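Below is the file entry_17.pdb, which contains PDB, C-alpha atoms.
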```pdb
ATOM      1  CA  MET A   1     165.890  39.223 -81.587
ATOM      2  CA  ARG A   2     166.871  41.288 -84.593
ATOM      3  CA  VAL A   3     165.638  44.861 -84.837
ATOM      4  CA  THR A   4     165.945  47.341 -87.703
ATOM      5  CA  VAL A   5     166.850  50.749 -86.281
ATOM      6  CA  GLU A   6     166.543  53.771 -88.582
ATOM      7  CA  VAL A   7     168.316  56.907 -87.440
ATOM      8  CA  VAL A   8     166.356  59.584 -89.308
ATOM      9  CA  GLY A   9     168.563  61.509 -91.718
ATOM     10  CA  GLU A  10     171.417  59.062 -91.213
ATOM     11  CA  ASP A  11     171.867  55.311 -91.426
ATOM     12  CA  THR A  12     169.750  52.230 -90.833
ATOM     13  CA  HIS A  13     171.217  49.560 -88.557
ATOM     14  CA  GLU A  14     170.391  45.921 -87.900
ATOM     15  CA  VAL A  15     170.797  45.361 -84.161
ATOM     16  CA  GLU A  16     170.744  41.982 -82.421
ATOM     17  CA  VAL A  17     169.523  42.158 -78.807
ATOM     18  CA  PRO A  18     168.237  39.706 -76.165
ATOM     19  CA  ALA A  19     164.466  39.202 -75.961
ATOM     20  CA  ASP A  20     164.294  41.218 -72.723
ATOM     21  CA  ALA A  21     166.275  44.183 -74.097
ATOM     22  CA  THR A  22     165.009  47.732 -73.689
ATOM     23  CA  TYR A  23     164.868  50.426 -76.342
ATOM     24  CA  ALA A  24     167.826  52.059 -74.606
ATOM     25  CA  ASP A  25     169.810  48.863 -75.233
ATOM     26  CA  LEU A  26     169.187  49.300 -78.965
ATOM     27  CA  LEU A  27     171.023  52.627 -78.860
ATOM     28  CA  GLN A  28     174.259  51.298 -77.411
ATOM     29  CA  PRO A  29     175.839  50.264 -80.740
ATOM     30  CA  LEU A  30     174.837  53.601 -82.290
ATOM     31  CA  ASP A  31     176.574  56.939 -82.106
ATOM     32  CA  VAL A  32     173.694  58.708 -80.356
ATOM     33  CA  SER A  33     173.137  59.977 -76.832
ATOM     34  CA  PRO A  34     169.833  58.971 -75.197
ATOM     35  CA  HIS A  35     169.454  62.603 -74.106
ATOM     36  CA  GLU A  36     169.522  63.828 -77.704
ATOM     37  CA  ILE A  37     166.991  61.518 -79.283
ATOM     38  CA  SER A  38     163.496  60.086 -79.117
ATOM     39  CA  VAL A  39     162.711  56.452 -79.936
ATOM     40  CA  LEU A  40     159.538  55.956 -81.949
ATOM     41  CA  VAL A  41     157.575  52.878 -82.987
ATOM     42  CA  ASP A  42     154.913  53.302 -85.677
ATOM     43  CA  GLY A  43     155.429  57.058 -85.410
ATOM     44  CA  ARG A  44     154.812  57.263 -81.664
ATOM     45  CA  PRO A  45     157.437  57.847 -78.956
ATOM     46  CA  VAL A  46     158.076  54.901 -76.643
ATOM     47  CA  PRO A  47     159.757  54.935 -73.196
ATOM     48  CA  GLU A  48     163.423  54.092 -73.535
ATOM     49  CA  ASP A  49     163.248  51.785 -70.506
ATOM     50  CA  ALA A  50     160.414  49.712 -72.022
ATOM     51  CA  THR A  51     161.093  46.232 -73.379
ATOM     52  CA  VAL A  52     161.541  46.145 -77.145
ATOM     53  CA  ASP A  53     158.304  45.042 -78.796
ATOM     54  CA  ALA A  54     158.875  45.937 -82.427
ATOM     55  CA  GLU A  55     160.976  44.759 -85.346
ATOM     56  CA  GLU A  56     161.370  48.271 -86.736
ATOM     57  CA  VAL A  57     162.312  51.273 -84.610
ATOM     58  CA  THR A  58     162.917  54.893 -85.524
ATOM     59  CA  VAL A  59     165.476  57.074 -83.742
ATOM     60  CA  LEU A  60     164.909  60.803 -84.129
ATOM     61  CA  ARG A  61     167.283  63.566 -83.085
ATOM     62  CA  LEU A  62     165.354  66.001 -80.870
ATOM     63  CA  ILE A  63     165.242  69.607 -81.948
ATOM     64  CA  LYS A  64     164.929  71.995 -79.030
ATOM     65  CA  GLY A  65     166.488  75.028 -77.487
ATOM     66  CA  GLY A  66     165.672  78.491 -76.273
TER      67      GLY A  66
ATOM     68  CA  MET B   1     174.651  79.421 -97.562
ATOM     69  CA  LEU B   2     170.925  78.919 -97.245
ATOM     70  CA  THR B   3     168.647  80.130-100.035
ATOM     71  CA  ILE B   4     165.027  80.488 -98.943
ATOM     72  CA  ALA B   5     162.158  80.679-101.415
ATOM     73  CA  ARG B   6     160.269  83.946-100.973
ATOM     74  CA  GLU B   7     156.979  82.266-100.054
ATOM     75  CA  THR B   8     158.775  80.027 -97.546
ATOM     76  CA  TYR B   9     160.460  83.064 -95.988
ATOM     77  CA  ASP B  10     157.076  84.781 -95.695
ATOM     78  CA  ALA B  11     155.595  81.622 -94.140
ATOM     79  CA  LEU B  12     158.319  81.587 -91.473
ATOM     80  CA  VAL B  13     157.751  85.223 -90.572
ATOM     81  CA  ASP B  14     153.953  84.788 -90.549
ATOM     82  CA  HIS B  15     154.278  81.758 -88.273
ATOM     83  CA  ALA B  16     156.614  83.584 -85.906
ATOM     84  CA  ARG B  17     154.352  86.645 -85.729
ATOM     85  CA  SER B  18     151.188  84.612 -85.174
ATOM     86  CA  GLY B  19     152.828  82.684 -82.334
ATOM     87  CA  THR B  20     154.139  85.686 -80.422
ATOM     88  CA  PRO B  21     154.771  85.911 -77.484
ATOM     89  CA  ALA B  22     155.533  82.168 -77.627
ATOM     90  CA  GLU B  23     158.304  80.695 -79.731
ATOM     91  CA  VAL B  24     157.188  78.686 -82.772
ATOM     92  CA  CYS B  25     159.084  75.974 -84.622
ATOM     93  CA  GLY B  26     159.074  73.671 -87.613
ATOM     94  CA  VAL B  27     160.963  71.752 -90.272
ATOM     95  CA  LEU B  28     162.415  73.116 -93.518
ATOM     96  CA  GLY B  29     162.444  71.035 -96.685
ATOM     97  CA  GLY B  30     164.231  71.502 -99.984
ATOM     98  CA  THR B  31     167.612  70.466-101.278
ATOM     99  CA  HIS B  32     170.457  69.985 -98.813
ATOM    100  CA  GLY B  33     174.133  70.528 -99.459
ATOM    101  CA  ASP B  34     177.070  70.665 -97.076
ATOM    102  CA  GLU B  35     177.826  74.244 -98.121
ATOM    103  CA  ALA B  36     174.669  75.415 -99.894
ATOM    104  CA  SER B  37     171.069  74.397 -99.263
ATOM    105  CA  THR B  38     167.762  75.661-100.600
ATOM    106  CA  ALA B  39     164.565  75.715 -98.535
ATOM    107  CA  THR B  40     161.375  75.597-100.558
ATOM    108  CA  THR B  41     158.880  74.416 -97.959
ATOM    109  CA  ALA B  42     158.235  74.935 -94.252
ATOM    110  CA  ARG B  43     156.169  72.599 -92.116
ATOM    111  CA  ARG B  44     154.910  73.813 -88.763
ATOM    112  CA  VAL B  45     155.449  71.582 -85.740
ATOM    113  CA  GLU B  46     153.916  72.181 -82.322
ATOM    114  CA  ASN B  47     156.226  73.677 -79.713
ATOM    115  CA  VAL B  48     155.850  71.329 -76.732
ATOM    116  CA  ALA B  49     158.355  73.061 -74.451
ATOM    117  CA  GLU B  50     157.067  73.635 -70.910
ATOM    118  CA  THR B  51     157.928  77.342 -71.098
ATOM    119  CA  PRO B  52     157.252  78.216 -74.764
ATOM    120  CA  ARG B  53     157.970  81.929 -74.319
ATOM    121  CA  THR B  54     161.628  81.175 -73.742
ATOM    122  CA  ARG B  55     162.095  77.590 -74.947
ATOM    123  CA  TYR B  56     161.138  75.474 -77.895
ATOM    124  CA  ALA B  57     160.945  71.730 -78.471
ATOM    125  CA  LEU B  58     159.509  70.104 -81.562
ATOM    126  CA  ASP B  59     156.890  67.459 -80.815
ATOM    127  CA  ALA B  60     158.750  64.281 -81.785
ATOM    128  CA  ALA B  61     155.847  62.527 -83.528
ATOM    129  CA  GLU B  62     154.969  65.684 -85.504
ATOM    130  CA  GLN B  63     158.627  66.240 -86.335
ATOM    131  CA  LEU B  64     158.837  62.745 -87.821
ATOM    132  CA  GLN B  65     155.586  63.282 -89.752
ATOM    133  CA  ALA B  66     156.941  66.544 -91.160
ATOM    134  CA  ILE B  67     160.209  64.927 -92.235
ATOM    135  CA  GLU B  68     158.367  62.015 -93.854
ATOM    136  CA  ALA B  69     156.021  64.424 -95.659
ATOM    137  CA  ILE B  70     159.004  66.365 -96.992
ATOM    138  CA  GLU B  71     160.650  63.156 -98.188
ATOM    139  CA  ALA B  72     157.360  62.039 -99.780
ATOM    140  CA  GLU B  73     157.530  65.188-101.925
ATOM    141  CA  GLY B  74     160.946  64.103-103.152
ATOM    142  CA  LEU B  75     162.687  66.754-101.035
ATOM    143  CA  GLU B  76     165.246  66.582 -98.224
ATOM    144  CA  THR B  77     165.304  67.922 -94.694
ATOM    145  CA  VAL B  78     167.282  71.139 -94.981
ATOM    146  CA  GLY B  79     167.001  72.135 -91.355
ATOM    147  CA  PHE B  80     164.730  73.466 -88.657
ATOM    148  CA  TYR B  81     163.430  76.855 -87.629
ATOM    149  CA  HIS B  82     162.277  78.529 -84.469
ATOM    150  CA  SER B  83     161.486  82.060 -83.413
ATOM    151  CA  HIS B  84     162.949  84.457 -80.902
ATOM    152  CA  PRO B  85     160.017  86.816 -80.261
ATOM    153  CA  ALA B  86     162.175  89.046 -78.048
ATOM    154  CA  GLY B  87     165.661  88.229 -79.347
ATOM    155  CA  PRO B  88     168.533  87.542 -79.210
ATOM    156  CA  PRO B  89     169.363  87.767 -82.946
ATOM    157  CA  GLY B  90     171.250  84.472 -82.950
ATOM    158  CA  PRO B  91     171.513  81.110 -81.223
ATOM    159  CA  SER B  92     171.190  81.307 -77.451
ATOM    160  CA  GLU B  93     173.346  79.320 -75.024
ATOM    161  CA  THR B  94     170.345  77.009 -74.644
ATOM    162  CA  ASP B  95     170.230  76.523 -78.419
ATOM    163  CA  ALA B  96     173.895  75.496 -78.478
ATOM    164  CA  ALA B  97     173.555  73.245 -75.428
ATOM    165  CA  ASN B  98     170.712  71.325 -77.065
ATOM    166  CA  ALA B  99     171.779  71.213 -80.709
ATOM    167  CA  THR B 100     171.855  67.629 -81.994
ATOM    168  CA  TRP B 101     171.768  67.499 -85.774
ATOM    169  CA  PRO B 102     175.123  68.151 -87.470
ATOM    170  CA  GLY B 103     175.200  69.659 -90.937
ATOM    171  CA  VAL B 104     171.693  71.047 -91.148
ATOM    172  CA  SER B 105     170.566  74.662 -90.906
ATOM    173  CA  TYR B 106     169.073  76.058 -87.717
ATOM    174  CA  VAL B 107     167.051  79.082 -88.818
ATOM    175  CA  ILE B 108     165.979  81.693 -86.300
ATOM    176  CA  VAL B 109     163.249  84.277 -86.933
ATOM    177  CA  VAL B 110     163.859  87.281 -84.696
ATOM    178  CA  LEU B 111     161.063  89.737 -83.990
ATOM    179  CA  ASP B 112     162.554  92.176 -81.501
ATOM    180  CA  GLY B 113     163.001  95.007 -84.000
ATOM    181  CA  ALA B 114     160.779  97.025 -86.300
ATOM    182  CA  HIS B 115     161.311  94.419 -88.997
ATOM    183  CA  PRO B 116     161.846  90.668 -88.748
ATOM    184  CA  TYR B 117     165.345  89.249 -89.052
ATOM    185  CA  VAL B 118     165.896  85.737 -90.388
ATOM    186  CA  GLY B 119     169.317  84.228 -89.746
ATOM    187  CA  SER B 120     170.713  80.740 -90.237
ATOM    188  CA  TRP B 121     173.426  78.749 -88.541
ATOM    189  CA  ARG B 122     174.869  75.311 -89.278
ATOM    190  CA  TRP B 123     175.533  73.056 -86.320
ATOM    191  CA  THR B 124     179.034  71.609 -86.792
ATOM    192  CA  GLY B 125     178.618  69.140 -83.938
ATOM    193  CA  GLU B 126     180.543  71.494 -81.663
ATOM    194  CA  ALA B 127     179.383  75.012 -82.474
ATOM    195  CA  PHE B 128     177.024  77.094 -84.584
ATOM    196  CA  ARG B 129     178.548  78.577 -87.745
ATOM    197  CA  GLN B 130     176.521  81.407 -89.248
ATOM    198  CA  GLU B 131     175.723  81.121 -92.940
ATOM    199  CA  THR B 132     174.529  83.635 -95.506
ATOM    200  CA  VAL B 133     170.779  83.723 -96.090
ATOM    201  CA  ALA B 134     169.569  84.575 -99.589
ATOM    202  CA  LEU B 135     166.055  84.978-100.918
ATOM    203  CA  ARG B 136     164.961  83.914-104.345
TER     204      ARG B 136
END
```
Mind converting the file's structure to structure tokens?
Amino acid sequence: MRVTVEVVGEDTHEVEVPADATYADLLQPLDVSPHEISVLVDGRPVPEDATVDAEEVTVLRLIKGG
Amino acid sequence: MLTIARETYDALVDHARSGTPAEVCGVLGGTHGDEASTATTARRVENVAETPRTRYALDAAEQLQAIEAIEAEGLETVGFYHSHPAGPPGPSETDAANATWPGVSYVIVVLDGAHPYVGSWRWTGEAFRQETVALR
């Protein structure tokens, strides 16, 4: 399946993945670390180990610290 | 350099003071440049860190909403802010270890003195580089 992945503030990518791919699999072609980002669908975070169930996905760099 | 509109500066300080002793955080909107940005709006985002007196973490869904709201106004994401109610007056080791967004300003509102201090640092991808803060 083909998924549109928008990295907020950066680029939008078209990623081709198998039907049983996880959201983490979508990140592999991108220059982002899973520890640094949150994956959102329709504005809500989704577990990165869940199977992809959306044609459009948003990747957001997490802002945190001390 | 980061130029902050006076009312935006006041909004940051008010937010930091009202949240004490916890850290507060949010998104800054305006016009972004690699060397000079201007912040003209601040959008509060809930701090969802488990220990908010010493840590901050923007709620991801709220962070996205704030960024989209800024873009809907025709503005850009200039950076992010958080408070240090008890110092230090700059990025902590935790801030550097968790920084993720190259090129934007990380503003810190420090409240450990008689008067607030607002500083700004750009994340280069490897380190924080302090930038001049101006009010207009």
Would you kindly return, as a ChimeraX atom specification, each protein, DNA or RNA residue with an atom no farther than 10 Å from any atom of Ala134 of chain B, considering all atoms listed in the file and excluding same-chain residues fewer than 6 positions away? /B:1-6,9,38,118-119
On this structure, which residues satisfy the PyMOL selection byres ((chain A and resi 4) around 12), written as a ChimeraX atom specification? /A:1-3,5-7,11-17,23,26-27,41,52-59
Contact set, chain B to chain A: 10 Å, only C-alpha atoms, as an MDAnalysis selection string: chainID B and resid 23 25:27 47:49 51:65 67:68 76:77 79:84 88 91:101 106
Please provide as a list in words all residues within 12 Å of Pro116 of chain B, with the sequence filter that same-chain residues fewer than 2 positions apart are discarded (counting only C-alpha atoms). Tyr9, Asp10, Leu12, Val13, Asp14, His15, Ala16, Arg17, Ser83, His84, Pro85, Ala86, Gly87, Pro89, Ile108, Val109, Val110, Leu111, Asp112, Gly113, Ala114, Val118 and Gly119 of chain B
C-alpha atoms of the current selection, written as a compact mmCIF listing (two decimals), in the frame of the given file:
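Output file part_10.txt is given in full below:
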```txt
# COMPACT_ATOMS: atom_id res chain seq x y z
CA TYR B 9 160.46 83.06 -95.99
CA ASP B 10 157.08 84.78 -95.70
CA LEU B 12 158.32 81.59 -91.47
CA VAL B 13 157.75 85.22 -90.57
CA ASP B 14 153.95 84.79 -90.55
CA HIS B 15 154.28 81.76 -88.27
CA ALA B 16 156.61 83.58 -85.91
CA ARG B 17 154.35 86.64 -85.73
CA SER B 83 161.49 82.06 -83.41
CA HIS B 84 162.95 84.46 -80.90
CA PRO B 85 160.02 86.82 -80.26
CA ALA B 86 162.18 89.05 -78.05
CA GLY B 87 165.66 88.23 -79.35
CA PRO B 89 169.36 87.77 -82.95
CA ILE B 108 165.98 81.69 -86.30
CA VAL B 109 163.25 84.28 -86.93
CA VAL B 110 163.86 87.28 -84.70
CA LEU B 111 161.06 89.74 -83.99
CA ASP B 112 162.55 92.18 -81.50
CA GLY B 113 163.00 95.01 -84.00
CA ALA B 114 160.78 97.02 -86.30
CA VAL B 118 165.90 85.74 -90.39
CA GLY B 119 169.32 84.23 -89.75
```
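We find atom CA of Ala22 of chain B and atom CA of Val45 of chain B to be spaced 13.3 Å apart.
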Please expand the PyMOL selection byres ((chain A and resi 22) around 6) into the concrete residues it hits in this file, giving the result as a PyMOL selection string. chain A and resi 21+23-25+49-52
Please indicate the distance in Å from atom CA of Glu131 of chain B to atom CA of Thr41 of chain B, rounded to one decimal place. 18.8 Å
Within 10 Å of (173.4, 70.7, -88.9) (coordinates as in the file), grab all the protein and nucleic acid residues, counting only C-alpha atoms, and write them out as number ranges by chain. B: 34, 78-80, 99-106, 121-125, 127-129
Can you tell me how far atom CA of Tyr117 of chain B sits from atom CA of Val133 of chain B, in Å to one decimal?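 Between atom CA of Tyr117 of chain B and atom CA of Val133 of chain B the gap is 10.5 Å.
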